[in-house]
$ cat start-v7.cif   # mmCIF, C-alpha atoms and all ligand atoms
data_my_file
loop_
_atom_site.label_atom_id
_atom_site.label_comp_id
_atom_site.auth_asym_id
_atom_site.auth_seq_id
_atom_site.Cartn_x
_atom_site.Cartn_y
_atom_site.Cartn_z
CA MET A 193 -1.38 -8.10 -12.03
CA LYS A 194 1.22 -7.51 -9.37
CA ASN A 195 2.40 -4.25 -7.91
CA LEU A 196 6.08 -3.37 -7.74
CA VAL A 197 7.64 -1.52 -4.81
CA LEU A 198 11.06 0.06 -5.33
CA ILE A 199 13.28 0.57 -2.31
CA GLY A 200 16.86 1.75 -1.95
CA PHE A 201 19.05 4.61 -0.84
CA MET A 202 18.56 8.23 -1.93
CA GLY A 203 19.97 8.66 -5.42
CA SER A 204 19.70 4.97 -6.31
CA GLY A 205 17.40 5.82 -9.23
CA LYS A 206 14.06 4.64 -7.81
CA THR A 207 12.12 7.46 -9.44
CA THR A 208 13.81 7.19 -12.84
CA ALA A 209 13.43 3.40 -12.98
CA GLY A 210 9.89 3.66 -11.60
CA ILE A 211 8.77 6.02 -14.36
CA ARG A 212 10.33 3.74 -17.01
CA LEU A 213 8.65 0.71 -15.45
CA SER A 214 5.34 2.47 -15.42
CA TYR A 215 5.63 2.89 -19.23
CA LEU A 216 6.76 -0.71 -19.73
CA CYS A 217 4.05 -2.21 -17.51
CA ARG A 218 1.39 0.38 -18.39
CA LEU A 219 0.74 0.92 -14.72
CA PRO A 220 0.45 4.17 -12.77
CA PHE A 221 3.55 5.39 -10.93
CA LEU A 222 3.37 6.58 -7.35
CA ASP A 223 6.29 8.32 -5.71
CA LEU A 224 5.85 8.36 -1.95
CA ASP A 225 7.78 11.62 -1.44
CA ARG A 226 5.81 13.43 -4.15
CA GLU A 227 2.51 12.12 -2.76
CA ILE A 228 3.40 13.46 0.69
CA GLU A 229 4.47 16.81 -0.78
CA ARG A 230 1.18 17.04 -2.67
CA GLN A 231 -0.89 16.14 0.42
CA GLN A 232 0.98 18.58 2.65
CA GLY A 233 1.36 21.37 0.11
CA LYS A 234 5.09 21.73 0.88
CA SER A 235 8.42 20.19 0.01
CA ILE A 236 10.15 17.40 1.96
CA SER A 237 12.78 19.93 3.08
CA GLU A 238 10.05 22.23 4.41
CA ILE A 239 8.36 19.35 6.23
CA PHE A 240 11.69 18.39 7.88
CA ALA A 241 12.44 22.02 8.80
CA GLN A 242 8.98 23.04 10.01
CA ASP A 243 7.49 19.82 11.41
CA GLY A 244 10.55 17.64 12.05
CA GLU A 245 11.71 14.26 10.77
CA ALA A 246 9.43 12.32 13.15
CA CYS A 247 6.39 13.98 11.58
CA PHE A 248 7.65 13.12 8.08
CA ARG A 249 8.17 9.48 9.12
CA GLN A 250 4.60 9.31 10.38
CA LEU A 251 3.33 10.75 7.09
CA GLU A 252 5.17 7.96 5.26
CA THR A 253 3.48 5.30 7.39
CA ASP A 254 0.08 6.99 7.04
CA PHE A 255 0.45 7.01 3.27
CA LEU A 256 1.41 3.32 3.11
CA LYS A 257 -1.71 2.48 5.12
CA THR A 258 -3.92 4.19 2.53
CA LEU A 259 -2.54 2.34 -0.51
CA PRO A 260 -5.39 0.88 -2.54
CA LEU A 261 -4.23 -2.74 -2.30
CA GLU A 262 -7.52 -4.11 -3.57
CA LYS A 263 -6.91 -2.23 -6.85
CA GLN A 264 -3.84 -4.14 -7.99
CA GLY A 265 -1.63 -2.44 -10.50
CA PHE A 266 0.86 0.28 -9.58
CA ILE A 267 4.57 0.95 -9.33
CA LEU A 268 5.49 2.54 -6.00
CA SER A 269 8.78 4.25 -5.27
CA ALA A 270 9.39 4.39 -1.50
CA GLY A 271 11.57 7.00 0.18
CA GLY A 272 15.11 5.94 1.06
CA GLY A 273 14.24 5.84 4.76
CA THR A 274 10.81 4.21 4.48
CA PRO A 275 11.94 0.59 5.12
CA LEU A 276 13.82 1.64 8.27
CA ARG A 277 10.69 1.94 10.36
CA GLU A 278 9.73 -1.57 11.37
CA GLU A 279 6.02 -0.87 11.11
CA ASN A 280 6.45 0.00 7.43
CA ARG A 281 8.05 -3.30 6.42
CA PRO A 282 4.90 -5.48 6.37
CA LEU A 283 3.06 -2.61 4.67
CA LEU A 284 5.67 -2.48 1.90
CA LYS A 285 5.62 -6.28 1.55
CA ALA A 286 1.83 -6.29 1.37
CA ALA A 287 1.93 -3.61 -1.32
CA GLY A 288 3.76 -5.77 -3.88
CA THR A 289 7.00 -7.36 -5.01
CA VAL A 290 9.79 -5.44 -3.28
CA ILE A 291 12.77 -4.56 -5.47
CA TYR A 292 15.97 -3.23 -3.93
CA LEU A 293 17.97 -0.90 -6.16
CA LYS A 294 21.47 -1.48 -4.85
CA THR A 295 23.92 1.38 -5.32
CA SER A 296 27.40 2.09 -3.97
CA ALA A 297 28.12 5.14 -1.80
CA GLN A 298 30.36 6.47 -4.59
CA SER A 299 27.52 6.37 -7.16
CA VAL A 300 25.10 7.98 -4.72
CA TRP A 301 27.64 10.73 -4.11
CA GLU A 302 28.20 11.30 -7.83
CA ARG A 303 24.46 11.53 -8.42
CA LEU A 304 23.60 13.70 -5.43
CA LYS A 305 26.50 16.09 -4.94
CA GLY A 306 25.08 19.59 -5.22
CA ASP A 307 21.54 18.32 -4.55
CA THR A 308 19.68 20.52 -2.07
CA THR A 309 16.45 18.53 -1.76
CA ARG A 310 17.68 15.83 0.69
CA PRO A 311 17.61 17.26 4.24
CA LEU A 312 19.52 14.28 5.65
CA LEU A 313 22.51 15.17 3.45
CA ALA A 314 22.42 18.89 4.13
CA GLY A 315 25.18 18.89 6.81
CA GLU A 316 28.93 19.48 6.68
CA ASP A 317 30.09 16.15 5.27
CA PRO A 318 27.46 14.74 2.90
CA ARG A 319 29.90 12.16 1.44
CA GLY A 320 30.62 10.75 4.92
CA ARG A 321 26.94 10.85 5.81
CA ILE A 322 26.09 8.77 2.71
CA GLU A 323 28.67 6.13 3.74
CA GLU A 324 27.39 6.07 7.30
CA LEU A 325 23.68 5.86 6.46
CA LEU A 326 24.18 3.34 3.66
CA ALA A 327 26.20 1.05 5.95
CA LYS A 328 23.39 1.20 8.54
CA ARG A 329 20.62 0.65 6.05
CA CYS A 330 21.83 -1.83 3.47
CA GLY A 331 21.05 -4.87 5.64
CA VAL A 332 17.44 -3.73 6.05
CA TYR A 333 17.04 -3.18 2.30
CA GLU A 334 18.55 -6.61 1.52
CA ALA A 335 16.39 -8.42 4.07
CA LEU A 336 13.16 -6.84 2.84
CA ALA A 337 13.76 -7.32 -0.88
CA ASP A 338 12.26 -10.05 -3.03
CA LEU A 339 14.70 -9.04 -5.78
CA THR A 340 17.94 -7.04 -5.74
CA VAL A 341 19.10 -5.13 -8.81
CA GLU A 342 22.56 -3.57 -9.11
CA THR A 343 22.38 -0.03 -10.45
CA ASP A 344 26.00 1.22 -10.56
CA GLY A 345 26.91 2.45 -14.03
CA ARG A 346 23.56 1.49 -15.52
CA SER A 347 20.82 3.63 -17.04
CA GLY A 348 17.27 3.83 -15.72
CA GLU A 349 16.16 2.11 -18.92
CA GLU A 350 18.44 -0.91 -18.36
CA ILE A 351 17.42 -1.18 -14.72
CA ALA A 352 13.72 -1.01 -15.58
CA ALA A 353 14.13 -3.64 -18.31
CA GLU A 354 15.84 -6.02 -15.85
CA ILE A 355 13.12 -5.53 -13.24
CA TYR A 356 10.40 -5.99 -15.86
CA LYS A 357 11.88 -9.35 -16.81
CA ARG A 358 12.90 -10.66 -13.41
CA ALA A 359 9.68 -9.63 -11.65
CA GLY A 360 7.66 -11.50 -14.25
CA MET A 361 5.90 -8.42 -15.64
CA ALA A 362 6.59 -9.35 -19.30
C1 LIG B 401 15.06 10.02 2.82
C2 LIG B 401 14.97 9.85 1.46
C3 LIG B 401 14.22 10.76 0.58
C4 LIG B 401 13.11 11.46 1.37
C5 LIG B 401 13.66 12.10 2.59
C6 LIG B 401 14.35 11.10 3.54
C7 LIG B 401 15.88 9.06 3.61
O1 LIG B 401 13.65 10.02 -0.50
O2 LIG B 401 12.10 10.54 1.71
O3 LIG B 401 14.56 13.10 2.19
O4 LIG B 401 15.69 8.95 4.83
O5 LIG B 401 16.71 8.35 2.98
P1 LIG B 401 14.50 9.52 -1.79
O6 LIG B 401 15.10 8.21 -1.44
O7 LIG B 401 13.45 9.40 -2.85
O8 LIG B 401 15.50 10.56 -2.08
#

$ encode --input "start-v7.cif" --output "structure tokens"
Amino acid sequence: MKNLVLIGFMGSGKTTAGIRLSYLCRLPFLDLDREIERQQGKSISEIFAQDGEACFRQLETDFLKTLPLEKQGFILSAGGGTPLREENRPLLKAAGTVIYLKTSAQSVWERLKGDTTRPLLAGEDPRGRIEELLAKRCGVYEALADLTVETDGRSGEEIAAEIYKRAGMA
């Protein structure tokens, strides 16, 4: 049994597809952001505001190091920024098959406008910030991925079904 690790930009549907996949594969679903929030007893926004982004990034790495790799069988959704830290890349690779959910800036914007839970998009020009961050990050996502799945205009169900098939989980 192989683990699946979902990576991709904020709003690319990692959580939705991950929950669907967890039903399809009958495997537990782990969402890195939610795990950190549970451990810390506060939201991601509160962690950014009170402790700073650097602290949050360290919590991501710490969590990846505690993944129970000997107990194979989970679907992990990483945070959008998790693959950016070089130290995290071998940890993500070691955790399972890495799937990149590829989404355009326009789709991210449509999904996240009005969202208040992403501190990195809380500034003056969230649309521009999405473009800028996505342009910086897409090469890292592509290079790390074992499989890339296009998500624009597709439901979480369709995306999960494609991953299930292509990752050999059927
Ligand atoms: C971040 C993405 C978020 C969360 C934090 C930072 C990023 O996760 O980890 O707000 O740097 O892209 P999602 O991708 O699940 O929204």

$ residues_around --input "start-v7.cif" --residues "A:Glu252" --least-positions-apart "5" --cutoff "9 Å" --atoms "only C-alpha atoms" --output "list in words"
Leu224, Asp225, Ile228, Cys247, Lys257, Ala270, Gly271, Thr274 and Asn280 of chain A

$ residues_near_ligand --input "start-v7.cif" --ligand "ligand LIG 401 (chain B)" --cutoff "10 Å" --atoms "all atoms listed in the file" --output "number ranges by chain"
A: 198-207, 223-226, 228, 235-237, 239-240, 245, 248-249, 252, 269-276, 304, 308-314, 322, 325-326, 329

$ closest_residue --input "start-v7.cif" --among "A:Ala353, A:Val300, A:Leu336, A:Val290" --to "A:Asn195" --atoms "only C-alpha atoms"
A:Val290

$ atom_distance --input "start-v7.cif" --atom1 "atom CA of A:Gly331" --atom2 "atom CA of A:Lys194"
25.0 Å

$ atom_distance --input "start-v7.cif" --atom1 "atom CA of A:Val197" --atom2 "atom CA of A:Ile291"
6.0 Å

$ closest_residue --input "start-v7.cif" --among "A:Leu339, A:Leu196, A:Ala286, A:Ala359" --to "A:Leu268" --atoms "all atoms listed in the file"
A:Leu196

$ atom_distance --input "start-v7.cif" --atom1 "atom CA of A:Ala362" --atom2 "atom CA of A:Cys217"
7.8 Å

$ closest_residue --input "start-v7.cif" --among "A:Ala287, A:Ala352, A:Val341, A:Leu293" --to "A:Ser214" --atoms "only C-alpha atoms"
A:Ala352

$ residues_around --input "start-v7.cif" --residues "A:Pro220" --least-positions-apart "4" --cutoff "8 Å" --atoms "all atoms listed in the file" --output "NGL selection string"
:A and (214 or 265-267)

$ closest_residue --input "start-v7.cif" --among "A:Glu278, A:Glu262, A:Asp254, A:Glu354" --to "A:Glu227" --atoms "all atoms listed in the file"
A:Asp254

$ closest_residue --input "start-v7.cif" --among "A:Lys285, A:Ile211, A:Glu238, A:Asp307" --to "A:Ala335" --atoms "only C-alpha atoms"
A:Lys285

$ residues_near_point --input "start-v7.cif" --point "(5.7, -15.5, -11.4)" --cutoff "12 Å" --atoms "all atoms listed in the file" --output "list in words"
Met193, Lys194, Thr289, Asp338, Tyr356, Lys357, Arg358, Ala359, Gly360, Met361 and Ala362 of chain A

$ decode --input "start-v7.cif" --residues "stretch 328-339 of chain A" --atoms "N, CA and C atoms" --output "PDB file, in the first residue's frame"
ATOM      1  N   LYS A 328       6.382  31.932  -9.069  1.00  0.00           N
ATOM      2  CA  LYS A 328       7.606  31.551  -8.352  1.00  0.00           C
ATOM      3  C   LYS A 328       7.606  30.082  -7.989  1.00  0.00           C
ATOM      4  N   ARG A 329       6.425  29.547  -7.714  1.00  0.00           N
ATOM      5  CA  ARG A 329       6.356  28.211  -7.129  1.00  0.00           C
ATOM      6  C   ARG A 329       6.134  27.079  -8.112  1.00  0.00           C
ATOM      7  N   CYS A 330       5.553  27.373  -9.279  1.00  0.00           N
ATOM      8  CA  CYS A 330       5.097  26.263 -10.120  1.00  0.00           C
ATOM      9  C   CYS A 330       6.247  25.337 -10.530  1.00  0.00           C
ATOM     10  N   GLY A 331       7.439  25.897 -10.737  1.00  0.00           N
ATOM     11  CA  GLY A 331       8.578  25.061 -11.128  1.00  0.00           C
ATOM     12  C   GLY A 331       8.954  24.064 -10.038  1.00  0.00           C
ATOM     13  N   VAL A 332       8.838  24.494  -8.796  1.00  0.00           N
ATOM     14  CA  VAL A 332       9.161  23.612  -7.659  1.00  0.00           C
ATOM     15  C   VAL A 332       8.130  22.481  -7.585  1.00  0.00           C
ATOM     16  N   TYR A 333       6.847  22.841  -7.738  1.00  0.00           N
ATOM     17  CA  TYR A 333       5.795  21.819  -7.694  1.00  0.00           C
ATOM     18  C   TYR A 333       6.028  20.781  -8.809  1.00  0.00           C
ATOM     19  N   GLU A 334       6.271  21.289 -10.024  1.00  0.00           N
ATOM     20  CA  GLU A 334       6.457  20.392 -11.187  1.00  0.00           C
ATOM     21  C   GLU A 334       7.623  19.436 -10.957  1.00  0.00           C
ATOM     22  N   ALA A 335       8.740  20.019 -10.464  1.00  0.00           N
ATOM     23  CA  ALA A 335       9.961  19.219 -10.319  1.00  0.00           C
ATOM     24  C   ALA A 335       9.809  18.137  -9.253  1.00  0.00           C
ATOM     25  N   LEU A 336       9.000  18.413  -8.241  1.00  0.00           N
ATOM     26  CA  LEU A 336       8.860  17.455  -7.137  1.00  0.00           C
ATOM     27  C   LEU A 336       7.867  16.339  -7.459  1.00  0.00           C
ATOM     28  N   ALA A 337       6.942  16.628  -8.376  1.00  0.00           N
ATOM     29  CA  ALA A 337       5.804  15.717  -8.572  1.00  0.00           C
ATOM     30  C   ALA A 337       6.165  14.432  -9.315  1.00  0.00           C
ATOM     31  N   ASP A 338       5.570  13.334  -8.875  1.00  0.00           N
ATOM     32  CA  ASP A 338       5.617  12.091  -9.651  1.00  0.00           C
ATOM     33  C   ASP A 338       4.508  12.115 -10.702  1.00  0.00           C
ATOM     34  N   LEU A 339       3.405  12.775 -10.362  1.00  0.00           N
ATOM     35  CA  LEU A 339       2.267  12.889 -11.283  1.00  0.00           C
ATOM     36  C   LEU A 339       1.700  14.298 -11.189  1.00  0.00           C
TER      37      LEU A 339
END
